[in-house]
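J.: Sharing a structure with you now.
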Amino acid sequence: MAQPKLPKRARLGRPNHFPLKEAALRGKPRNRLPCARCPFSSSILAAAAAAAAEEVMKGPMDPRGGHAAAEGVSSGSEDDDEEAGFSRSYFLAKEKEPSSSKKRARDTGKLSDLNLVDEQALRASLAEIPAKHEKEVEALTRSYKDQYRKWLFELRCGFSLLMYGFGSKKLLLEDFASTTLTDSSVIVINGYLPSINLKQVIATIAEVFWEQTNLKRKRQSGTKSQLPQPFASQSIDDIISFLNNQTSDNGEENVCLLIHNIDGPALRDAESQQCLAQVSCCPQVRVVASLDHINTPLLWDKKMVHTQFKWSWYHVPTFAPYKVEGVFYPLILASGGHAQTTKTALVVLQSLTPNAQSVFRILAEYQLANQKEEGMHVSSLYTKCRERFLISSQVTLNSHLTEFKDHDLVKIRKHSDGQDCLHIPLVSDALEKLLQELA
């Protein structure tokens, strides 16, 4: 009895390495394709197809015990030929694709394997790029300067100014402070620095008010000024409580807190933002800040925005490059090195007081003169600073050292005698270059 003709294959089946040979052994064609992951080449498959065809022509045994009819063999040969042709074309197409070894060799290229240019050379090349649209930018800056009186009026009304927009706003805010805020004491916070001692900033604000109070008493009564209040040893809550008690009769004795990048890496935590919000609530403190991160408002809640900071938002895109703010972010196509570390240290030192720079210079000169030693003892540094009248007490020196350690300018090592010694983590060449640029 003749076998019925099987339908043509409609879809791919499960993996099967020998579809034709298996079909010959069972007496009927298999309705499955070779697996795409089959390791055998087209030549092996062709040989298997030829062997299967010979067995089919000889008349294989029916699995149920009878011989397959000649009509069944002839009717299934068309499907066998079609399946063999499809398999041959499939493996020929696979042979034309690139081998896995070539793919692996092509995928091994990484950015770290590239010969990157030096950081200083790349930044020098970027600085040589000519500026574009200078007239339009100048006109935009003039339009902002025309609003200085409006900004000053809002500050006197108790609001804080928040500047946002594309481009560095550092020069704009500093120009506003130098030309308009002449009746106030201005304290600058560089929020783009990697680390900031916020307590020291608040203590500095308190010291300004303390000096103003002593000066006012001296003018009225002619008595000598009192001794400086040791705000550095007090807690932040005590200092803020002192600031809240400061009042002025004419309202002119204010302190303006100028914050570049209030969303900087050292100010993004909730504790720092809450501390700044409490300071902005003080009667004689005004805040002018800038931001660049799009998610900065997520740092504040409704109370901080409307009750404490009381922001007055201004969109002031300057389209100026972030030359100073971008120093602490390495360029992708540049290789890091001592040049980048020296540049970063120079920016940090320039933001400190002259006395702090002189203390760092003493430590650097000692390290260059005694390179074989492990570092400089704190007591030795204190003695030399006292001789040059740079500090008045150990508390002042500790304040400078804390600032150095927060910015990774100074490391503490254990001396062979068990005492702590100070060390600057820079090679001699980089340290000499740093002192030259600092001078």
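Starting from 1 in every chain, residues are counted up; chains themselves are A, B, ... following the order of the structure tokens, and ligands are numbered from 1 as listed.
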If we count only C-alpha atoms, what is near A:Cys275 at a cut-off of 9 Å, once residues fewer than 3 positions away on the same chain are taken out, given as a PyMOL selection string?
T.: chain A and resi 198+236+240+270-272+278-280
J.: Counting only C-alpha atoms, which residue out of A:Pro321, A:Gly326, A:Gly418, A:Pro425 sits closest to A:Phe404?
T.: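 Selected residue with least distance to A:Phe404: A:Pro425.
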J.: Counting only C-alpha atoms, what is within 9 Å of A:Asp406, bar same-chain residues fewer than 2 positions away, as a list in words?
T.: Pro194, Ser195, Ile196, Asn197, Leu401, Thr402, Glu403, Phe404, Asp408, Leu409 and Val410 of chain A
J.: Calculated over only C-alpha atoms, which of the candidates A:Trp311, A:Tyr329, A:Phe389, A:Tyr382 has the smallest distance to A:Ser160?
T.: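 Using only C-alpha atoms, the shortest distance to A:Ser160 belongs to A:Trp311.
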J.: If I take atom CA of A:Ser233 and atom CA of A:Gln308, how far is one from the other in Å, to one decimal?
T.: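 Atom-to-atom, atom CA of A:Ser233 and atom CA of A:Gln308 are spaced 26.0 Å apart.
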J.: List as a PDB file with N, CA, C and O atoms, in the first residue's frame the protein and nucleic acid residues near A:Ile187, meaning an atom at most 9 Å away when only C-alpha atoms are counted, but skip any in the same chain fewer than 5 places from it.
T.:
ATOM      1  N   VAL A 201      32.678  77.612  56.831  1.00  0.00           N
ATOM      2  CA  VAL A 201      32.019  78.713  56.128  1.00  0.00           C
ATOM      3  C   VAL A 201      31.046  79.441  57.053  1.00  0.00           C
ATOM      4  O   VAL A 201      31.017  80.680  57.120  1.00  0.00           O
ATOM      5  N   THR A 204      32.848  81.469  59.534  1.00  0.00           N
ATOM      6  CA  THR A 204      33.357  82.711  58.943  1.00  0.00           C
ATOM      7  C   THR A 204      32.270  83.777  58.898  1.00  0.00           C
ATOM      8  O   THR A 204      32.536  84.969  59.156  1.00  0.00           O
ATOM      9  N   ILE A 205      31.036  83.384  58.579  1.00  0.00           N
ATOM     10  CA  ILE A 205      29.921  84.339  58.582  1.00  0.00           C
ATOM     11  C   ILE A 205      29.714  84.911  59.989  1.00  0.00           C
ATOM     12  O   ILE A 205      29.519  86.129  60.168  1.00  0.00           O
ATOM     13  N   VAL A 255      25.382  90.258  55.223  1.00  0.00           N
ATOM     14  CA  VAL A 255      26.399  89.371  54.661  1.00  0.00           C
ATOM     15  C   VAL A 255      25.750  88.591  53.527  1.00  0.00           C
ATOM     16  O   VAL A 255      24.716  87.936  53.724  1.00  0.00           O
ATOM     17  N   CYS A 256      26.337  88.678  52.352  1.00  0.00           N
ATOM     18  CA  CYS A 256      25.808  87.965  51.185  1.00  0.00           C
ATOM     19  C   CYS A 256      26.622  86.696  50.965  1.00  0.00           C
ATOM     20  O   CYS A 256      27.855  86.744  50.869  1.00  0.00           O
ATOM     21  N   LEU A 257      25.942  85.595  50.900  1.00  0.00           N
ATOM     22  CA  LEU A 257      26.578  84.296  50.666  1.00  0.00           C
ATOM     23  C   LEU A 257      26.462  83.977  49.180  1.00  0.00           C
ATOM     24  O   LEU A 257      25.383  83.689  48.670  1.00  0.00           O
ATOM     25  N   LEU A 258      27.580  84.047  48.466  1.00  0.00           N
ATOM     26  CA  LEU A 258      27.626  83.811  47.026  1.00  0.00           C
ATOM     27  C   LEU A 258      28.058  82.363  46.789  1.00  0.00           C
ATOM     28  O   LEU A 258      29.214  82.009  47.049  1.00  0.00           O
ATOM     29  N   ILE A 259      27.154  81.546  46.304  1.00  0.00           N
ATOM     30  CA  ILE A 259      27.408  80.107  46.159  1.00  0.00           C
ATOM     31  C   ILE A 259      27.463  79.767  44.673  1.00  0.00           C
ATOM     32  O   ILE A 259      26.461  79.838  43.963  1.00  0.00           O
TER      33      ILE A 259
END
J.: Could you give me, as a list in words, the residues within 12 Å of A:Ala277, counting only C-alpha atoms and dropping anything in the same chain fewer than 5 positions from it?
T.: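 Once the adjacent positions are removed, what remains is Ser160, Ile202, Ile240, Leu257, Ile262, Leu267, Ala270, Glu271, Ser272, Cys282, Val285, Arg286, Val287, Ala289, Leu299, Trp300, Asp301, Lys302, Lys303, Met304, Val305, His306, Thr307, Gln308, Phe309, Lys310 and Trp311 of chain A.
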J.: Tell me which protein, DNA and RNA residues are within 12 Å of A:Glu253, counting only C-alpha atoms, leaving out same-chain ones fewer than 2 positions away, and put them as a list in words.
T.: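 Contacts, in chain order: Arg156, Leu181, Thr182, Asp183, Ser184, Ser185, Val186, Val208, Phe209, Trp210, Glu211, Gln212, Thr213, Leu215, Lys216, Gln246, Thr247, Ser248, Asp249, Asn250, Gly251, Val255, Cys256, Pro283, Gln284, Val285 and Arg286 of chain A.
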J.: Using only N, CA, C and O atoms, please write the residues we just selected to a file, as a CSV table (one decimal), in the first residue's frame.
T.:
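And here is the file that came out, out_0.csv:
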chain,number,residue,atom,x,y,z
A,156,ARG,N,17.1,92.8,49.1
A,156,ARG,CA,16.7,93.6,50.3
A,156,ARG,C,15.3,93.3,50.8
A,156,ARG,O,15.0,93.6,52.0
A,181,LEU,N,26.8,94.8,45.2
A,181,LEU,CA,26.8,94.5,46.6
A,181,LEU,C,28.0,95.1,47.3
A,181,LEU,O,28.7,94.4,48.1
A,182,THR,N,28.2,96.4,47.1
A,182,THR,CA,29.3,97.1,47.7
A,182,THR,C,29.1,97.4,49.2
A,182,THR,O,30.0,97.6,49.9
A,183,ASP,N,27.8,97.4,49.6
A,183,ASP,CA,27.5,97.7,51.0
A,183,ASP,C,27.4,96.5,51.9
A,183,ASP,O,27.2,96.6,53.1
A,184,SER,N,27.7,95.3,51.4
A,184,SER,CA,27.6,94.1,52.1
A,184,SER,C,28.9,93.3,52.1
A,184,SER,O,29.7,93.5,51.1
A,185,SER,N,29.1,92.5,53.1
A,185,SER,CA,30.3,91.6,53.1
A,185,SER,C,29.9,90.4,52.3
A,185,SER,O,28.9,89.8,52.5
A,186,VAL,N,30.7,90.0,51.3
A,186,VAL,CA,30.4,88.9,50.4
A,186,VAL,C,31.4,87.7,50.8
A,186,VAL,O,32.6,87.9,50.9
A,208,VAL,N,32.3,87.5,60.9
A,208,VAL,CA,32.1,88.8,60.2
A,208,VAL,C,31.1,89.6,61.1
A,208,VAL,O,31.3,90.8,61.3
A,209,PHE,N,30.0,89.0,61.5
A,209,PHE,CA,29.0,89.7,62.4
A,209,PHE,C,29.6,90.1,63.7
A,209,PHE,O,29.3,91.1,64.3
A,210,TRP,N,30.5,89.2,64.2
A,210,TRP,CA,31.1,89.5,65.5
A,210,TRP,C,32.0,90.8,65.4
A,210,TRP,O,32.1,91.6,66.3
A,211,GLU,N,32.8,90.8,64.3
A,211,GLU,CA,33.6,92.0,64.1
A,211,GLU,C,32.8,93.3,63.9
A,211,GLU,O,33.2,94.3,64.3
A,212,GLN,N,31.7,93.2,63.1
A,212,GLN,CA,30.8,94.3,62.9
A,212,GLN,C,30.3,94.8,64.3
A,212,GLN,O,30.2,96.0,64.5
A,213,THR,N,29.9,93.9,65.1
A,213,THR,CA,29.3,94.2,66.4
A,213,THR,C,30.4,94.9,67.3
A,213,THR,O,30.1,96.0,68.0
A,215,LEU,N,33.0,96.6,66.2
A,215,LEU,CA,33.3,97.9,65.6
A,215,LEU,C,32.2,98.9,66.0
A,215,LEU,O,32.5,100.1,66.2
A,216,LYS,N,31.0,98.4,66.0
A,216,LYS,CA,29.9,99.3,66.3
A,216,LYS,C,29.9,99.8,67.7
A,216,LYS,O,29.7,100.9,68.1
A,246,GLN,N,21.3,88.2,65.3
A,246,GLN,CA,21.9,89.4,64.7
A,246,GLN,C,20.8,90.3,64.0
A,246,GLN,O,20.1,89.8,63.2
A,247,THR,N,20.8,91.5,64.4
A,247,THR,CA,19.8,92.5,63.8
A,247,THR,C,20.6,93.8,63.5
A,247,THR,O,21.7,94.0,64.1
A,248,SER,N,20.0,94.6,62.7
A,248,SER,CA,20.6,95.8,62.3
A,248,SER,C,19.5,96.9,62.2
A,248,SER,O,18.4,96.6,61.8
A,249,ASP,N,19.9,98.1,62.7
A,249,ASP,CA,18.9,99.2,62.7
A,249,ASP,C,18.6,99.7,61.3
A,249,ASP,O,17.5,100.0,61.0
A,250,ASN,N,19.6,99.9,60.5
A,250,ASN,CA,19.4,100.4,59.2
A,250,ASN,C,19.3,99.4,58.1
A,250,ASN,O,19.0,99.7,57.0
A,251,GLY,N,19.5,98.1,58.4
A,251,GLY,CA,19.4,97.0,57.5
A,251,GLY,C,20.4,96.9,56.4
A,251,GLY,O,20.3,96.2,55.4
A,255,VAL,N,25.4,90.3,55.2
A,255,VAL,CA,26.4,89.4,54.7
A,255,VAL,C,25.8,88.6,53.5
A,255,VAL,O,24.7,87.9,53.7
A,256,CYS,N,26.3,88.7,52.4
A,256,CYS,CA,25.8,88.0,51.2
A,256,CYS,C,26.6,86.7,51.0
A,256,CYS,O,27.9,86.7,50.9
A,283,PRO,N,18.3,86.8,59.7
A,283,PRO,CA,17.8,88.1,59.3
A,283,PRO,C,18.8,88.9,58.4
A,283,PRO,O,18.4,89.6,57.5
A,284,GLN,N,20.1,88.8,58.7
A,284,GLN,CA,21.1,89.6,58.1
A,284,GLN,C,21.9,88.8,57.0
A,284,GLN,O,22.9,89.3,56.6
A,285,VAL,N,21.4,87.7,56.6
A,285,VAL,CA,22.1,86.9,55.6
A,285,VAL,C,21.3,86.8,54.3
A,285,VAL,O,20.1,86.6,54.3
A,286,ARG,N,22.0,87.1,53.2
A,286,ARG,CA,21.3,87.0,51.8
A,286,ARG,C,22.1,85.9,51.0
A,286,ARG,O,23.3,85.8,51.2
J.: Taking 6 positions as the minimum chain separation for residues in the same chain, which residues sit within 10 Å of A:His293 when counting only C-alpha atoms? Answer as an MDAnalysis selection string.
T.: chainID A and resid 164:166 261:264
J.: Write out as a short mmCIF file (atom, residue, chain, number, x, y, z; two decimals) with N, CA and C atoms, in the first residue's frame all residues of stretch 197-409 of chain A that DSSP puts in alpha helix (DSSP H) for this structure's backbone.
T.:
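Saved as states02.cif:
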data_model
loop_
_atom_site.label_atom_id
_atom_site.label_comp_id
_atom_site.auth_asym_id
_atom_site.auth_seq_id
_atom_site.Cartn_x
_atom_site.Cartn_y
_atom_site.Cartn_z
N LEU A 198 31.72 72.99 55.36
CA LEU A 198 30.59 73.91 55.51
C LEU A 198 30.57 74.57 56.88
N LYS A 199 31.03 73.87 57.89
CA LYS A 199 31.07 74.45 59.24
C LYS A 199 32.01 75.64 59.29
N GLN A 200 33.14 75.54 58.61
CA GLN A 200 34.08 76.65 58.58
C GLN A 200 33.48 77.86 57.86
N VAL A 201 32.68 77.61 56.83
CA VAL A 201 32.02 78.71 56.13
C VAL A 201 31.05 79.44 57.05
N ILE A 202 30.24 78.67 57.79
CA ILE A 202 29.28 79.29 58.71
C ILE A 202 30.00 80.02 59.83
N ALA A 203 31.11 79.45 60.30
CA ALA A 203 31.89 80.13 61.33
C ALA A 203 32.47 81.45 60.82
N THR A 204 32.85 81.47 59.53
CA THR A 204 33.36 82.71 58.94
C THR A 204 32.27 83.78 58.90
N ILE A 205 31.04 83.38 58.58
CA ILE A 205 29.92 84.34 58.58
C ILE A 205 29.71 84.91 59.99
N ALA A 206 29.78 84.03 60.98
CA ALA A 206 29.60 84.49 62.36
C ALA A 206 30.72 85.44 62.78
N GLU A 207 31.96 85.17 62.34
CA GLU A 207 33.07 86.05 62.69
C GLU A 207 32.90 87.43 62.07
N VAL A 208 32.32 87.49 60.87
CA VAL A 208 32.08 88.80 60.25
C VAL A 208 31.10 89.61 61.07
N PHE A 209 30.01 88.98 61.52
CA PHE A 209 29.04 89.70 62.35
C PHE A 209 29.64 90.09 63.70
N TRP A 210 30.50 89.23 64.24
CA TRP A 210 31.14 89.53 65.53
C TRP A 210 32.05 90.75 65.40
N GLU A 211 32.79 90.84 64.31
CA GLU A 211 33.64 92.00 64.09
C GLU A 211 32.82 93.26 63.86
N GLN A 212 31.71 93.16 63.14
CA GLN A 212 30.84 94.32 62.94
C GLN A 212 30.25 94.80 64.27
N THR A 213 29.87 93.86 65.14
CA THR A 213 29.32 94.23 66.44
C THR A 213 30.37 94.93 67.31
N ASN A 214 31.59 94.41 67.31
CA ASN A 214 32.66 95.04 68.09
C ASN A 214 33.00 96.42 67.56
N LEU A 215 33.01 96.56 66.24
CA LEU A 215 33.31 97.86 65.65
C LEU A 215 32.22 98.87 65.97
N LYS A 216 30.98 98.42 65.97
CA LYS A 216 29.86 99.31 66.29
C LYS A 216 29.93 99.76 67.75
N ARG A 217 30.27 98.85 68.65
CA ARG A 217 30.40 99.21 70.06
C ARG A 217 31.57 100.17 70.28
N LYS A 218 32.63 99.99 69.56
CA LYS A 218 33.78 100.87 69.71
C LYS A 218 33.46 102.28 69.26
N ARG A 219 32.67 102.39 68.19
CA ARG A 219 32.29 103.72 67.71
C ARG A 219 31.35 104.43 68.68
N GLN A 220 30.46 103.66 69.29
CA GLN A 220 29.46 104.28 70.18
C GLN A 220 30.04 104.66 71.54
N SER A 221 30.79 103.75 72.14
CA SER A 221 31.28 103.98 73.51
C SER A 221 32.76 104.27 73.59
N ILE A 236 27.36 73.63 64.91
CA ILE A 236 26.68 74.38 63.85
C ILE A 236 25.38 74.98 64.37
N ASP A 237 24.68 74.26 65.21
CA ASP A 237 23.42 74.78 65.76
C ASP A 237 23.67 76.03 66.61
N ASP A 238 24.74 76.04 67.38
CA ASP A 238 25.05 77.22 68.21
C ASP A 238 25.42 78.41 67.33
N ILE A 239 26.15 78.16 66.26
CA ILE A 239 26.53 79.27 65.37
C ILE A 239 25.31 79.83 64.66
N ILE A 240 24.42 78.95 64.21
CA ILE A 240 23.20 79.43 63.54
C ILE A 240 22.31 80.19 64.53
N SER A 241 22.27 79.74 65.76
CA SER A 241 21.52 80.47 66.78
C SER A 241 22.10 81.87 66.99
N PHE A 242 23.41 81.99 66.95
CA PHE A 242 24.03 83.31 67.06
C PHE A 242 23.67 84.18 65.86
N LEU A 243 23.64 83.61 64.67
CA LEU A 243 23.30 84.38 63.47
C LEU A 243 21.84 84.84 63.50
N ASN A 244 20.97 84.03 64.06
CA ASN A 244 19.55 84.41 64.12
C ASN A 244 19.32 85.59 65.06
N ALA A 270 21.62 65.89 51.79
CA ALA A 270 20.49 66.57 52.46
C ALA A 270 20.96 67.41 53.64
N GLU A 271 21.99 66.96 54.35
CA GLU A 271 22.46 67.70 55.52
C GLU A 271 23.03 69.06 55.13
N SER A 272 23.82 69.10 54.05
CA SER A 272 24.40 70.37 53.62
C SER A 272 23.32 71.34 53.13
N GLN A 273 22.34 70.82 52.38
CA GLN A 273 21.28 71.69 51.88
C GLN A 273 20.42 72.22 53.02
N GLN A 274 20.16 71.40 54.03
CA GLN A 274 19.38 71.86 55.18
C GLN A 274 20.14 72.91 55.97
N CYS A 275 21.44 72.73 56.07
CA CYS A 275 22.26 73.70 56.78
C CYS A 275 22.26 75.04 56.05
N LEU A 276 22.40 75.02 54.73
CA LEU A 276 22.36 76.27 53.94
C LEU A 276 20.99 76.92 54.03
N ALA A 277 19.93 76.12 54.07
CA ALA A 277 18.58 76.67 54.18
C ALA A 277 18.39 77.38 55.52
N GLN A 278 18.94 76.82 56.60
CA GLN A 278 18.83 77.46 57.90
C GLN A 278 19.63 78.77 57.96
N VAL A 279 20.79 78.78 57.29
CA VAL A 279 21.58 80.01 57.26
C VAL A 279 20.86 81.10 56.48
N SER A 280 20.19 80.72 55.39
CA SER A 280 19.48 81.71 54.57
C SER A 280 18.31 82.35 55.32
N LYS A 302 9.12 71.57 49.94
CA LYS A 302 8.32 72.78 49.79
C LYS A 302 8.69 73.82 50.82
N LYS A 303 8.97 73.39 52.04
CA LYS A 303 9.34 74.33 53.10
C LYS A 303 10.65 75.02 52.79
N HIS A 338 50.23 63.74 36.47
CA HIS A 338 50.60 64.73 37.48
C HIS A 338 50.15 66.13 37.09
N ALA A 339 50.06 66.40 35.77
CA ALA A 339 49.64 67.73 35.34
C ALA A 339 48.23 68.04 35.81
N GLN A 340 47.35 67.04 35.68
CA GLN A 340 45.97 67.24 36.12
C GLN A 340 45.90 67.41 37.63
N THR A 341 46.67 66.63 38.39
CA THR A 341 46.67 66.75 39.83
C THR A 341 47.20 68.11 40.28
N THR A 342 48.24 68.61 39.63
CA THR A 342 48.78 69.92 39.95
C THR A 342 47.77 71.02 39.66
N LYS A 343 47.09 70.92 38.55
CA LYS A 343 46.09 71.92 38.19
C LYS A 343 44.95 71.95 39.22
N THR A 344 44.53 70.78 39.63
CA THR A 344 43.45 70.71 40.62
C THR A 344 43.89 71.30 41.95
N ALA A 345 45.11 70.96 42.38
CA ALA A 345 45.62 71.50 43.65
C ALA A 345 45.77 73.01 43.58
N LEU A 346 46.17 73.55 42.43
CA LEU A 346 46.34 74.99 42.29
C LEU A 346 45.00 75.71 42.43
N VAL A 347 43.96 75.16 41.83
CA VAL A 347 42.64 75.79 41.93
C VAL A 347 42.15 75.79 43.38
N VAL A 348 42.41 74.71 44.09
CA VAL A 348 41.98 74.63 45.49
C VAL A 348 42.75 75.64 46.34
N LEU A 349 44.06 75.72 46.15
CA LEU A 349 44.86 76.63 46.95
C LEU A 349 44.51 78.09 46.68
N GLN A 350 44.19 78.41 45.44
CA GLN A 350 43.83 79.79 45.11
C GLN A 350 42.51 80.21 45.75
N PRO A 354 45.33 83.71 52.12
CA PRO A 354 46.79 83.81 51.95
C PRO A 354 47.57 83.11 53.06
N ASN A 355 47.09 83.16 54.28
CA ASN A 355 47.79 82.47 55.37
C ASN A 355 47.79 80.96 55.15
N ALA A 356 46.67 80.42 54.69
CA ALA A 356 46.61 78.98 54.41
C ALA A 356 47.57 78.61 53.28
N GLN A 357 47.68 79.46 52.27
CA GLN A 357 48.63 79.20 51.19
C GLN A 357 50.06 79.22 51.71
N SER A 358 50.35 80.13 52.63
CA SER A 358 51.71 80.21 53.19
C SER A 358 52.03 78.99 54.04
N VAL A 359 51.05 78.49 54.79
CA VAL A 359 51.27 77.27 55.57
C VAL A 359 51.55 76.09 54.65
N PHE A 360 50.81 76.00 53.55
CA PHE A 360 51.06 74.92 52.59
C PHE A 360 52.44 75.07 51.96
N ARG A 361 52.86 76.29 51.70
CA ARG A 361 54.17 76.50 51.10
C ARG A 361 55.29 76.04 52.04
N ILE A 362 55.15 76.31 53.34
CA ILE A 362 56.16 75.85 54.31
C ILE A 362 56.27 74.33 54.29
N LEU A 363 55.14 73.67 54.25
CA LEU A 363 55.15 72.20 54.22
C LEU A 363 55.75 71.68 52.92
N ALA A 364 55.44 72.33 51.80
CA ALA A 364 55.97 71.89 50.51
C ALA A 364 57.47 72.10 50.42
N GLU A 365 57.96 73.24 50.90
CA GLU A 365 59.40 73.50 50.87
C GLU A 365 60.16 72.52 51.76
N TYR A 366 59.60 72.17 52.89
CA TYR A 366 60.25 71.19 53.75
C TYR A 366 60.30 69.82 53.08
N GLN A 367 59.23 69.45 52.39
CA GLN A 367 59.20 68.15 51.72
C GLN A 367 60.20 68.10 50.57
N LEU A 368 60.37 69.20 49.84
CA LEU A 368 61.34 69.22 48.75
C LEU A 368 62.78 69.18 49.28
N ALA A 369 63.01 69.82 50.42
CA ALA A 369 64.36 69.83 50.99
C ALA A 369 64.71 68.54 51.72
N VAL A 378 53.83 67.60 62.86
CA VAL A 378 52.89 68.70 63.08
C VAL A 378 53.50 69.76 64.00
N SER A 379 54.25 69.31 65.00
CA SER A 379 54.87 70.27 65.93
C SER A 379 55.90 71.14 65.22
N SER A 380 56.66 70.55 64.29
CA SER A 380 57.64 71.34 63.54
C SER A 380 56.95 72.36 62.64
N LEU A 381 55.86 71.96 62.03
CA LEU A 381 55.12 72.89 61.19
C LEU A 381 54.53 74.03 62.03
N TYR A 382 54.05 73.70 63.21
CA TYR A 382 53.48 74.72 64.09
C TYR A 382 54.54 75.74 64.51
N THR A 383 55.75 75.24 64.79
CA THR A 383 56.82 76.14 65.22
C THR A 383 57.22 77.10 64.10
N LYS A 384 57.35 76.59 62.89
CA LYS A 384 57.75 77.45 61.77
C LYS A 384 56.65 78.45 61.42
N CYS A 385 55.41 78.04 61.52
CA CYS A 385 54.31 78.96 61.23
C CYS A 385 54.22 80.06 62.28
N ARG A 386 54.51 79.74 63.54
CA ARG A 386 54.52 80.76 64.59
C ARG A 386 55.66 81.74 64.39
N GLU A 387 56.79 81.25 63.92
CA GLU A 387 57.93 82.14 63.67
C GLU A 387 57.63 83.15 62.57
N GLN A 394 47.25 76.62 68.04
CA GLN A 394 47.17 75.30 67.45
C GLN A 394 45.81 75.09 66.78
N VAL A 395 44.78 75.75 67.30
CA VAL A 395 43.45 75.62 66.70
C VAL A 395 43.43 76.16 65.28
N THR A 396 44.13 77.27 65.05
CA THR A 396 44.19 77.83 63.69
C THR A 396 44.92 76.90 62.74
N LEU A 397 46.02 76.32 63.21
CA LEU A 397 46.75 75.38 62.37
C LEU A 397 45.90 74.16 62.05
N ASN A 398 45.20 73.65 63.04
CA ASN A 398 44.33 72.49 62.79
C ASN A 398 43.23 72.82 61.79
N SER A 399 42.75 74.04 61.81
CA SER A 399 41.74 74.45 60.84
C SER A 399 42.30 74.43 59.42
N HIS A 400 43.53 74.92 59.25
CA HIS A 400 44.16 74.88 57.93
C HIS A 400 44.42 73.44 57.49
N LEU A 401 44.89 72.61 58.41
CA LEU A 401 45.18 71.22 58.05
C LEU A 401 43.90 70.46 57.70
N THR A 402 42.82 70.78 58.39
CA THR A 402 41.54 70.14 58.05
C THR A 402 41.12 70.51 56.63
N GLU A 403 41.34 71.76 56.27
CA GLU A 403 41.02 72.20 54.91
C GLU A 403 41.89 71.47 53.89
N PHE A 404 43.17 71.31 54.19
CA PHE A 404 44.07 70.58 53.28
C PHE A 404 43.65 69.12 53.13
N LYS A 405 43.32 68.49 54.24
CA LYS A 405 42.94 67.07 54.19
C LYS A 405 41.60 66.86 53.49
N ASP A 406 40.69 67.79 53.65
CA ASP A 406 39.39 67.66 52.97
C ASP A 406 39.53 67.71 51.46
#
